[in-house]
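What follows is one structure encoded as structure tokens, with my remarks underneath.
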Amino acid sequence: MHRPLSPSLLRRRDPFFGAFDQLFAQAAAQAQAQAQAQAQDPRRDPRRELRPAGGPRVNGYRTDEAYVLVVELPGFSTEDLELKIEDGTLLLSGQARLAPPDQARALHLERPGSIRLARRFSFAEDADLPATTARLKDGLLTLTVPRTRPAVHTIPVQAG
Amino acid sequence: MHTSPAPSPTSGLSTAALPIDLYEQEAALLLVASLPGVSREDLEIQLEGEHLSISATRHEPAPTAGEDVVATPIFRELDAVRWTRTLRLRTPVQADAITATLEAGVLTVTLPKAEQARARTIPVT
């Protein structure tokens, strides 16, 4: 799972729209507590613990009307996600536990047992964060942040 | 503002092995795989003998699909990808009774075991 371009790199390239990863201290503490609880859970398959926890991947786009973020979230439902606006940034967090099927014995496991997400996105000043819309479909979350048009003032030119 | 033409949906199509989970129930095998952004038409599941193969194509999820919108990529971590996977089933299954669902980007393939592969309880009379 490679990440061709780091968001911070692109941020330098495009100063008008930046997005960066940030694992919040709170989420990290929660994750640690959860990991400990899971380690003590005998039902958990030990093989799952060995796998790297690749976080969900995100694409960012800019159109004339909006900034659009697309996040890969297979198995997530809307209840698993939280979206907040804080200090002029958009915080997306959530967790989905990929539950095994009923009365099933695991023969072979390659997918992560759960997916955790905590990312913060910063935008240019024309982003209208409170007007953000979010849509979850086919395991992809699409966040649309409308862009406000700069107000145009016409200054009358007086003769004399 | 700088704009560039939207990339074609198949540009930069990379291939990757599809990670899978395999479970066993009393009467069936279950295969589970994450396929975010894959539509039914871009998914193919085949059973040939005892080899089950899955291939799926995910186009770049740009906000341009079917719309007259030019989207400039700002950063891109997920790309167009073709996932493939073939596995050998050690348990015989009923080929004509295999079903598959694709929900919330998760594929579940249900492979009912062939009669001879089911565990039986023999009643003592």
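Identifiers in the structure tokens: chain A, B, ... in order shown; residue index from 1 per chain; ligand index from 1 in order shown.
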**Prompt:** Which chain B residues are at most 10 Å from chain A (counting only C-alpha atoms), as a ChimeraX atom specification?
**Reply:** /B:1,3,16,18-26,28-39,60-64,69-79,102-108
Since we have the selection now, will you write its residues out, keeping C-alpha atoms, as a compact mmCIF listing (two decimals), in the first residue's frame?
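Below is the file that was written, part-v4.txt:
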# COMPACT_ATOMS: atom_id res chain seq x y z
CA MET B 1 -7.02 29.43 -11.59
CA THR B 3 -7.06 23.74 -14.29
CA ALA B 16 -2.86 -5.42 -6.83
CA LEU B 18 -6.90 -8.59 -3.35
CA PRO B 19 -6.68 -9.32 0.40
CA ILE B 20 -9.34 -11.80 1.45
CA ASP B 21 -10.80 -13.37 4.55
CA LEU B 22 -12.05 -16.93 4.36
CA TYR B 23 -14.54 -18.37 6.84
CA GLU B 24 -16.20 -21.71 7.23
CA GLN B 25 -19.76 -22.26 8.35
CA GLU B 26 -21.48 -25.59 8.80
CA ALA B 28 -20.85 -23.04 3.42
CA LEU B 29 -17.54 -21.29 2.91
CA LEU B 30 -17.59 -17.50 3.04
CA LEU B 31 -15.11 -15.26 1.29
CA VAL B 32 -14.99 -11.60 2.34
CA ALA B 33 -13.04 -8.85 0.60
CA SER B 34 -12.98 -5.05 0.74
CA LEU B 35 -13.75 -3.45 -2.61
CA PRO B 36 -14.42 0.24 -1.91
CA GLY B 37 -15.70 2.13 -4.93
CA VAL B 38 -16.21 -0.95 -7.08
CA SER B 39 -19.52 -1.26 -8.90
CA GLU B 60 -10.33 6.76 -9.88
CA PRO B 61 -13.10 8.15 -7.68
CA ALA B 62 -12.84 11.69 -9.06
CA PRO B 63 -15.87 13.99 -8.73
CA THR B 64 -16.10 14.25 -12.50
CA VAL B 69 -17.04 19.38 -13.88
CA VAL B 70 -13.31 19.84 -14.09
CA ALA B 71 -11.68 18.53 -10.94
CA THR B 72 -8.06 19.33 -10.24
CA PRO B 73 -6.43 16.68 -8.08
CA ILE B 74 -4.80 18.22 -5.04
CA PHE B 75 -3.51 15.01 -3.56
CA ARG B 76 -4.10 11.43 -4.50
CA GLU B 77 -3.63 8.43 -2.28
CA LEU B 78 -6.16 6.13 -3.90
CA ASP B 79 -5.98 5.52 -7.57
CA LEU B 102 -21.53 -6.26 -2.62
CA GLU B 103 -22.55 -3.95 0.18
CA ALA B 104 -20.87 -0.83 1.56
CA GLY B 105 -17.78 -1.69 -0.45
CA VAL B 106 -17.51 -5.19 1.03
CA LEU B 107 -17.85 -8.30 -1.11
CA THR B 108 -19.18 -11.49 0.48
Taking the chain letters and numbering used in this document, name the residues of stretch 71-144 of chain A that DSSP puts in strand (DSSP E), as an mmCIF file with N, CA and C atoms, in the first residue's frame.
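And here's states34.cif as it stands now:
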data_model
loop_
_atom_site.group_PDB
_atom_site.id
_atom_site.type_symbol
_atom_site.label_atom_id
_atom_site.label_comp_id
_atom_site.auth_asym_id
_atom_site.auth_seq_id
_atom_site.Cartn_x
_atom_site.Cartn_y
_atom_site.Cartn_z
ATOM 1 N N VAL A 71 -12.846 9.441 0.565
ATOM 2 C CA VAL A 71 -12.168 8.591 1.549
ATOM 3 C C VAL A 71 -12.614 7.139 1.366
ATOM 4 N N GLU A 72 -11.648 6.243 1.374
ATOM 5 C CA GLU A 72 -11.909 4.817 1.187
ATOM 6 C C GLU A 72 -12.304 4.201 2.535
ATOM 7 N N LEU A 81 -19.037 7.108 11.770
ATOM 8 C CA LEU A 81 -18.243 8.268 11.386
ATOM 9 C C LEU A 81 -18.638 9.515 12.152
ATOM 10 N N GLU A 82 -17.643 10.366 12.409
ATOM 11 C CA GLU A 82 -17.917 11.653 13.040
ATOM 12 C C GLU A 82 -17.177 12.729 12.266
ATOM 13 N N LEU A 83 -17.883 13.793 11.988
ATOM 14 C CA LEU A 83 -17.323 14.891 11.217
ATOM 15 C C LEU A 83 -17.500 16.165 12.034
ATOM 16 N N LYS A 84 -16.388 16.851 12.280
ATOM 17 C CA LYS A 84 -16.458 18.063 13.105
ATOM 18 C C LYS A 84 -15.695 19.191 12.454
ATOM 19 N N ILE A 85 -16.140 20.407 12.753
ATOM 20 C CA ILE A 85 -15.380 21.569 12.310
ATOM 21 C C ILE A 85 -14.750 22.176 13.551
ATOM 22 N N GLU A 86 -13.442 22.343 13.517
ATOM 23 C CA GLU A 86 -12.734 22.823 14.696
ATOM 24 C C GLU A 86 -11.582 23.698 14.245
ATOM 25 N N THR A 89 -10.715 23.872 10.687
ATOM 26 C CA THR A 89 -10.335 22.647 9.987
ATOM 27 C C THR A 89 -11.462 21.629 10.094
ATOM 28 N N LEU A 90 -11.407 20.659 9.219
ATOM 29 C CA LEU A 90 -12.418 19.612 9.198
ATOM 30 C C LEU A 90 -11.798 18.356 9.815
ATOM 31 N N LEU A 91 -12.449 17.841 10.860
ATOM 32 C CA LEU A 91 -11.951 16.640 11.515
ATOM 33 C C LEU A 91 -12.840 15.474 11.161
ATOM 34 N N LEU A 92 -12.235 14.434 10.625
ATOM 35 C CA LEU A 92 -12.988 13.236 10.276
ATOM 36 C C LEU A 92 -12.437 12.094 11.114
ATOM 37 N N SER A 93 -13.309 11.499 11.901
ATOM 38 C CA SER A 93 -12.837 10.376 12.717
ATOM 39 C C SER A 93 -13.882 9.274 12.712
ATOM 40 N N GLY A 94 -13.440 8.088 13.018
ATOM 41 C CA GLY A 94 -14.380 6.977 13.048
ATOM 42 C C GLY A 94 -13.664 5.659 13.196
ATOM 43 N N GLN A 95 -14.447 4.652 13.429
ATOM 44 C CA GLN A 95 -13.896 3.310 13.544
ATOM 45 C C GLN A 95 -14.962 2.301 13.140
ATOM 46 N N ALA A 96 -14.544 1.301 12.409
ATOM 47 C CA ALA A 96 -15.461 0.212 12.055
ATOM 48 C C ALA A 96 -14.767 -1.090 12.377
ATOM 49 N N ARG A 97 -15.466 -1.933 13.069
ATOM 50 C CA ARG A 97 -14.947 -3.253 13.378
ATOM 51 C C ARG A 97 -15.531 -4.188 12.328
ATOM 52 N N ARG A 105 -16.119 -20.027 11.386
ATOM 53 C CA ARG A 105 -14.764 -20.270 11.870
ATOM 54 C C ARG A 105 -13.810 -19.664 10.842
ATOM 55 N N ALA A 106 -12.862 -18.863 11.334
ATOM 56 C CA ALA A 106 -11.921 -18.221 10.417
ATOM 57 C C ALA A 106 -10.902 -19.242 9.917
ATOM 58 N N LEU A 107 -10.781 -19.340 8.605
ATOM 59 C CA LEU A 107 -9.806 -20.250 8.014
ATOM 60 C C LEU A 107 -8.539 -19.501 7.622
ATOM 61 N N HIS A 108 -8.751 -18.254 7.182
ATOM 62 C CA HIS A 108 -7.636 -17.506 6.609
ATOM 63 C C HIS A 108 -8.008 -16.024 6.654
ATOM 64 N N LEU A 109 -7.168 -15.202 7.283
ATOM 65 C CA LEU A 109 -7.531 -13.790 7.436
ATOM 66 C C LEU A 109 -6.420 -12.884 6.927
ATOM 67 N N SER A 114 -10.135 -4.283 12.217
ATOM 68 C CA SER A 114 -10.908 -3.049 12.332
ATOM 69 C C SER A 114 -10.148 -1.938 11.623
ATOM 70 N N ILE A 115 -10.891 -0.919 11.231
ATOM 71 C CA ILE A 115 -10.277 0.214 10.547
ATOM 72 C C ILE A 115 -10.520 1.450 11.402
ATOM 73 N N ARG A 116 -9.458 2.155 11.706
ATOM 74 C CA ARG A 116 -9.568 3.361 12.515
ATOM 75 C C ARG A 116 -9.162 4.557 11.675
ATOM 76 N N LEU A 117 -9.822 5.637 11.910
ATOM 77 C CA LEU A 117 -9.612 6.804 11.068
ATOM 78 C C LEU A 117 -9.595 8.049 11.940
ATOM 79 N N ALA A 118 -8.623 8.899 11.758
ATOM 80 C CA ALA A 118 -8.579 10.193 12.439
ATOM 81 C C ALA A 118 -7.744 11.127 11.595
ATOM 82 N N ARG A 119 -8.415 11.973 10.835
ATOM 83 C CA ARG A 119 -7.662 12.872 9.963
ATOM 84 C C ARG A 119 -8.227 14.274 10.041
ATOM 85 N N ARG A 120 -7.325 15.204 9.856
ATOM 86 C CA ARG A 120 -7.696 16.613 9.906
ATOM 87 C C ARG A 120 -7.338 17.243 8.566
ATOM 88 N N PHE A 121 -8.253 18.034 8.056
ATOM 89 C CA PHE A 121 -8.018 18.673 6.763
ATOM 90 C C PHE A 121 -8.134 20.185 6.920
ATOM 91 N N SER A 122 -7.161 20.882 6.347
ATOM 92 C CA SER A 122 -7.246 22.335 6.362
ATOM 93 C C SER A 122 -7.501 22.823 4.942
ATOM 94 N N THR A 133 -21.097 18.903 2.884
ATOM 95 C CA THR A 133 -22.018 17.760 2.806
ATOM 96 C C THR A 133 -21.194 16.477 2.727
ATOM 97 N N ALA A 134 -21.751 15.401 3.262
ATOM 98 C CA ALA A 134 -21.044 14.124 3.297
ATOM 99 C C ALA A 134 -21.967 13.023 2.797
ATOM 100 N N ARG A 135 -21.432 12.149 1.956
ATOM 101 C CA ARG A 135 -22.229 11.065 1.394
ATOM 102 C C ARG A 135 -21.405 9.785 1.417
ATOM 103 N N LEU A 136 -21.995 8.742 1.949
ATOM 104 C CA LEU A 136 -21.300 7.452 2.040
ATOM 105 C C LEU A 136 -21.975 6.472 1.084
ATOM 106 N N LYS A 137 -21.204 5.975 0.125
ATOM 107 C CA LYS A 137 -21.778 5.064 -0.862
ATOM 108 C C LYS A 137 -20.708 4.071 -1.331
ATOM 109 N N LEU A 140 -17.188 4.324 -0.118
ATOM 110 C CA LEU A 140 -16.460 5.574 -0.330
ATOM 111 C C LEU A 140 -17.233 6.719 0.301
ATOM 112 N N LEU A 141 -16.529 7.530 1.087
ATOM 113 C CA LEU A 141 -17.150 8.723 1.668
ATOM 114 C C LEU A 141 -16.729 9.921 0.831
ATOM 115 N N THR A 142 -17.700 10.694 0.381
ATOM 116 C CA THR A 142 -17.393 11.890 -0.396
ATOM 117 C C THR A 142 -17.796 13.123 0.411
ATOM 118 N N LEU A 143 -16.817 13.951 0.713
ATOM 119 C CA LEU A 143 -17.070 15.198 1.429
ATOM 120 C C LEU A 143 -16.975 16.343 0.428
ATOM 121 N N THR A 144 -18.002 17.161 0.397
ATOM 122 C CA THR A 144 -18.000 18.296 -0.514
ATOM 123 C C THR A 144 -18.061 19.590 0.300
#
**Request:** Find the residue from B:Ser14, B:Ala56, B:Ala27, B:Arg82 that sits nearest to B:Gln116; use only C-alpha atoms when measuring.
**Result:**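 Looking only at the distances to B:Gln116, the closest residue turns out to be B:Ala27.
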**Request:** For each of A:Thr132, A:Glu79, A:Ala159, A:Ala99, take the minimum atom-to-atom distance to A:Arg147, counting only C-alpha atoms, then give the residue where this is smallest.
**Result:**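 Between A:Thr132, A:Glu79, A:Ala159, A:Ala99, the residue approaching A:Arg147 most closely is A:Thr132.
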**Asked** For the atom pair atom CA of B:Leu89 and atom CA of B:Ile122, what is the interatomic distance in Å to one decimal place?
**Response**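 The value is 26.1 Å.
Across A:Gly88, A:Gly113, A:Ala131, A:Asp126, the tightest approach to A:Ala151 is made by A:Asp126 when counting only C-alpha atoms.
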**Fill in**
re atom CA of A:Thr148 and atom CA of A:Asp87: distance 18.3 Å
